[in-house]
Amino acid sequence: MKEKLKDIPKQPGVYQFLDKAGGVLYVGKAKNLKSRVGQYLNGHDDRPQLPYLMAEAVDVNYTVVSNELESAFLENTIIKQYSPKYNIDLKDDKNYAFITIDYSFEIPQINYARKFDPGNKQIKYFGPYSAVYKIRNTLNLVRKIFPYCAAQKVGSRPCFYYYMHRCPGVCIGKISLDEYKQILDKIIKFLQGNISEVTKDIKTEMAKAAKDKKFEAAARLRDQLKALEILEERQNVILPKKVDWDIVSLTDSDGFACINLFKIRGGKMFDKEDFIYEIPIAVFDGRQKQQSYFLLQRFLEQYYLESSSVPKSIYTQTDPEDGELIKSIIKSRFSRAIEITTPQKGKVAKLVKLGKLNAEEYLKKWLSDKAGNLDKINAALGELKTALNLGALPQRIECYDISNTQGTNPVGSMVVFKNGLPAKSEYRKFKIQGKKTPDDFAMMREMLQRRFKRNSELRITDSNASQSAIRNSQSSNWPMPDLIVIDGGKGQLGVAFDVLTTYNLQLTTPAIGLAKRIEEIFFPNNPVPLILPHGNPGLQLLQRLRDEAHRFGITFHRQLRSKHAVKSALDDIAGIGPKTKKILKTKFGTVAKIKQSTPEELAAVVGKSLAEKIKNGL
């Protein structure tokens with residue numbers, strides 16, 4: 001790595017430290033890549049987690065960008081992609097969650113998403129929120145005040161919510177799309193916290209509707225106004241002035257930290273969010289102040305890189321490490337200058353202190369729930385160890401299932417539980433290639449052979465092998481499980497045991513079959529099943545594992561089946577790609593209507609040359 005340092009430029013960018021398997025250990029950004037990476041390699045960075053990081057790191061990669069702002073965006077993207085071991089990690093969700101309004105449909109769709117895509121101009125994002133349940137609660141409230149439609153286009157049949165008086169009827173033309181977009185404008189203002197502005201708009205519309213003798217519309221607006229007034233009454237008045245502030249407080253305990261965010265809009269408490277972070281334990285070794293710097297900086301960067309709106313002022317418990325970068329991020333996204341201040345006295349300082357108290361209480365409850373769940377998981381693993389006569393607790397369990405419809409689109413699924421919890425990044429799915437007729441045994445054999453072949457053939461023993469080859473081998477060579485669970489009875493388990501025997505794994509890797517009928521547990525070469533009580537924690541863990549394998553497999557199978565079902569005659573025409581198909585579908589709707597169209601109509605959409613190909617091909 002020190003040799004590589006000679007070639008690293010003195011420019012802004014993002015760097016990644018890698019382990020021997022090519023995994024990303026840490027991601028950072030720098031104004032000067034050469035100087036920053038050199039601090040790690042030359043021992044000039046005295047952060048306490050650095051010895052742990054550098055003991056594992058064998059390589060460093062970097063990406064040059066134009067400025068520090070670009071490096072902040074790129075760093076955030078890479079951290080979310082790889083969840084590096086030594087980066088501060090958002091623990092209670094993989095990503096923030098957002099409410100979305102997607103304008104790519106004829107009737108814009110309100111939903112939620114975990115990924116923020118600033119490049120997609122057809123989707124408006126609102127948030128971020130710390131948990132999806134908060135989004136569901138918010139959308140339930142929105143739908144009661146401002147009914148919105150679930151249908152994607154106008155037709156002759158109303159959507160489900162129309163019958164529940166939670167849709168204004170845009171799906172059947174009861175109101176126009178322009179009128180519906182006016183409702184969406186109110187929802188947007190509501191989600192942004194501008195309730196007083198929405199109330200003012202509704203009063204104006206209600207007066208106009210009454211004047212025009214549109215009494216039904218006026219009554220609907222009156223009900224919306226009452227609901228908003230009740231909601232405003234429930235919100236706590238924090239300040240007599242109509243200020244827009246974000247108050248950020250934090251606390252830490254036992255290797256975890258909690259950020260509390262008060263959103264004050266119009267002087268009232270609009271929302272409260274709590275975010276749990278896992279922090280590398282070494283950061284806590286006598287470096288509390290510096291830890292606060294790292295955590296607060298990380299949160300502010302990530303949050304305002306993705307936030308759909310910003311207040312006029314941000315007040316924090318401690319000064320961030322690089323407040324100017326946070327200001328630059330906000331300026332680039334919202335074209336607004338903003339102040340970031342650490343208050344020392346007065347009302348704002350009391351709010352920061354109150355936020356810290358809220359963070360402490362939330363973190364205490366979260367840690368208590370986590371400890372309780374761990375106790376239950378350990379009890380379940382202990383029950384499995386005893387019931388299955390295992391030598392140790394099964395820390396890594398793999399479960400396999402086959403999904404197909406009469407042999408069509410057959411797939412295999414492998415799910416992994418580590419220490420009793422799903423390790424979703426290690427789930428694998430297999431397209432079955434050797435069998436297209438209903439034969440679950442043959443399909444199971446193919447999947448297991450492909451899985452365990454990795455552990456027998458991809459090991460590199462040549463001492464002269466290149467470092468990259470070793471990395472590729474190690475990353476492809478999946479860890480061996482402590483227990484294999486097969487979804488099925490004696491037949492499927494027999495296939496699994498044959499495959500394990502082929503690779504000389506039958507003595508070191510225990511395998512069982514879990515039959516659905518009465519949840520019988522089968523062992524290799526033993527016709528008598530084990531039947532555990534339904535309340536047994538070990539059996540319940542196996543059931544969760546089996547159900548997850550089935551869910552994962554059936555989802556993949558349905559994706560393949562849907563993809564096969566939508567295959568059309570256009571797929572066989574040269575020059576027709578996904579974009580052209582989408583354009584044709586938007587314009588004509590179906591292949592039959594494309595056939596009925598004139599060459600001139602087609603040429604107006606895709607050009608004369610392609611229109612001729614389509615006419616000849618159909």
# chains A, B, ... in the order shown; residues from 1 in each chain; ligands from 1
$ select_by_dssp --residues "region 153-292 of chain A" --states "strand (DSSP E)" --output "ChimeraX atom specification"
/A:245-253,256-265,268-278
$ residues_around --residues "Gln449 (chain A)" --least-positions-apart "2" --cutoff "12 Å" --atoms "only C-alpha atoms" --output "ChimeraX atom specification"
/A:412,430,432,434,442-447,451-457,495-503,505
$ atom_distance --atom1 "CA of Asp547 (chain A)" --atom2 "CA of Asp401 (chain A)"
9.5 Å
$ closest_residue --among "A:Glu56, A:Asp369, A:Asp19, A:Asp7" --to "Leu33 (chain A)" --atoms "only C-alpha atoms"
A:Asp7
$ residues_around --residues "Ile79 (chain A)" --least-positions-apart "4" --cutoff "10 Å" --atoms "only C-alpha atoms" --output "number ranges by chain"
A: 16, 24-28, 74-75, 83-85, 87-89
$ atom_distance --atom1 "CA of Val605 (chain A)" --atom2 "CA of Gly617 (chain A)"
16.8 Å
$ atom_distance --atom1 "CA of Ile594 (chain A)" --atom2 "CA of Ile573 (chain A)"
13.4 Å
$ decode --residues "region 184-211 of chain A" --atoms "N, CA and C atoms" --output "JSON list (two decimals), in the first residue's frame"
[["chain", "number", "residue", "atom", "x", "y", "z"],
["A", 184, "LEU", "N", -52.86, 16.54, -4.81],
["A", 184, "LEU", "CA", -51.47, 16.14, -4.57],
["A", 184, "LEU", "C", -50.63, 17.33, -4.10],
["A", 185, "ASP", "N", -50.90, 18.51, -4.63],
["A", 185, "ASP", "CA", -50.16, 19.70, -4.20],
["A", 185, "ASP", "C", -50.39, 19.96, -2.71],
["A", 186, "LYS", "N", -51.61, 19.72, -2.24],
["A", 186, "LYS", "CA", -51.89, 19.88, -0.80],
["A", 186, "LYS", "C", -51.13, 18.82, 0.01],
["A", 187, "ILE", "N", -51.11, 17.59, -0.51],
["A", 187, "ILE", "CA", -50.39, 16.52, 0.19],
["A", 187, "ILE", "C", -48.91, 16.85, 0.28],
["A", 188, "ILE", "N", -48.35, 17.41, -0.79],
["A", 188, "ILE", "CA", -46.93, 17.79, -0.79],
["A", 188, "ILE", "C", -46.66, 18.82, 0.30],
["A", 189, "LYS", "N", -47.48, 19.85, 0.37],
["A", 189, "LYS", "CA", -47.30, 20.88, 1.39],
["A", 189, "LYS", "C", -47.45, 20.29, 2.80],
["A", 190, "PHE", "N", -48.41, 19.37, 2.95],
["A", 190, "PHE", "CA", -48.62, 18.72, 4.24],
["A", 190, "PHE", "C", -47.38, 17.93, 4.65],
["A", 191, "LEU", "N", -46.82, 17.14, 3.72],
["A", 191, "LEU", "CA", -45.65, 16.32, 4.02],
["A", 191, "LEU", "C", -44.41, 17.18, 4.30],
["A", 192, "GLN", "N", -44.39, 18.39, 3.75],
["A", 192, "GLN", "CA", -43.28, 19.29, 4.00],
["A", 192, "GLN", "C", -43.43, 20.07, 5.30],
["A", 193, "GLY", "N", -44.58, 19.87, 5.97],
["A", 193, "GLY", "CA", -44.80, 20.54, 7.26],
["A", 193, "GLY", "C", -45.47, 21.89, 7.14],
["A", 194, "ASN", "N", -45.91, 22.27, 5.93],
["A", 194, "ASN", "CA", -46.54, 23.57, 5.74],
["A", 194, "ASN", "C", -48.05, 23.48, 5.96],
["A", 195, "ILE", "N", -48.46, 23.07, 7.17],
["A", 195, "ILE", "CA", -49.88, 22.83, 7.44],
["A", 195, "ILE", "C", -50.66, 24.14, 7.40],
["A", 196, "SER", "N", -50.07, 25.22, 7.93],
["A", 196, "SER", "CA", -50.78, 26.51, 7.93],
["A", 196, "SER", "C", -51.03, 26.99, 6.50],
["A", 197, "GLU", "N", -50.09, 26.72, 5.60],
["A", 197, "GLU", "CA", -50.25, 27.11, 4.20],
["A", 197, "GLU", "C", -51.36, 26.30, 3.54],
["A", 198, "VAL", "N", -51.40, 24.98, 3.86],
["A", 198, "VAL", "CA", -52.46, 24.12, 3.33],
["A", 198, "VAL", "C", -53.82, 24.61, 3.83],
["A", 199, "THR", "N", -53.89, 24.94, 5.11],
["A", 199, "THR", "CA", -55.14, 25.42, 5.70],
["A", 199, "THR", "C", -55.62, 26.69, 5.00],
["A", 200, "LYS", "N", -54.69, 27.59, 4.72],
["A", 200, "LYS", "CA", -55.04, 28.85, 4.03],
["A", 200, "LYS", "C", -55.59, 28.56, 2.63],
["A", 201, "ASP", "N", -54.94, 27.62, 1.92],
["A", 201, "ASP", "CA", -55.40, 27.26, 0.57],
["A", 201, "ASP", "C", -56.80, 26.66, 0.60],
["A", 202, "ILE", "N", -57.05, 25.81, 1.59],
["A", 202, "ILE", "CA", -58.36, 25.15, 1.68],
["A", 202, "ILE", "C", -59.45, 26.17, 1.97],
["A", 203, "LYS", "N", -59.18, 27.14, 2.84],
["A", 203, "LYS", "CA", -60.17, 28.17, 3.15],
["A", 203, "LYS", "C", -60.53, 28.97, 1.89],
["A", 204, "THR", "N", -59.52, 29.28, 1.09],
["A", 204, "THR", "CA", -59.76, 30.01, -0.16],
["A", 204, "THR", "C", -60.62, 29.18, -1.11],
["A", 205, "GLU", "N", -60.26, 27.90, -1.28],
["A", 205, "GLU", "CA", -61.00, 27.02, -2.19],
["A", 205, "GLU", "C", -62.42, 26.80, -1.69],
["A", 206, "MET", "N", -62.59, 26.68, -0.37],
["A", 206, "MET", "CA", -63.92, 26.43, 0.20],
["A", 206, "MET", "C", -64.84, 27.64, -0.05],
["A", 207, "ALA", "N", -64.29, 28.84, 0.12],
["A", 207, "ALA", "CA", -65.10, 30.04, -0.13],
["A", 207, "ALA", "C", -65.51, 30.12, -1.60],
["A", 208, "LYS", "N", -64.58, 29.78, -2.49],
["A", 208, "LYS", "CA", -64.88, 29.83, -3.92],
["A", 208, "LYS", "C", -65.92, 28.78, -4.30],
["A", 209, "ALA", "N", -65.79, 27.56, -3.71],
["A", 209, "ALA", "CA", -66.76, 26.49, -4.01],
["A", 209, "ALA", "C", -68.16, 26.88, -3.54],
["A", 210, "ALA", "N", -68.24, 27.49, -2.37],
["A", 210, "ALA", "CA", -69.55, 27.91, -1.84],
["A", 210, "ALA", "C", -70.15, 29.00, -2.72],
["A", 211, "LYS", "N", -69.29, 29.93, -3.16],
["A", 211, "LYS", "CA", -69.77, 31.02, -4.03],
["A", 211, "LYS", "C", -70.30, 30.47, -5.34]]
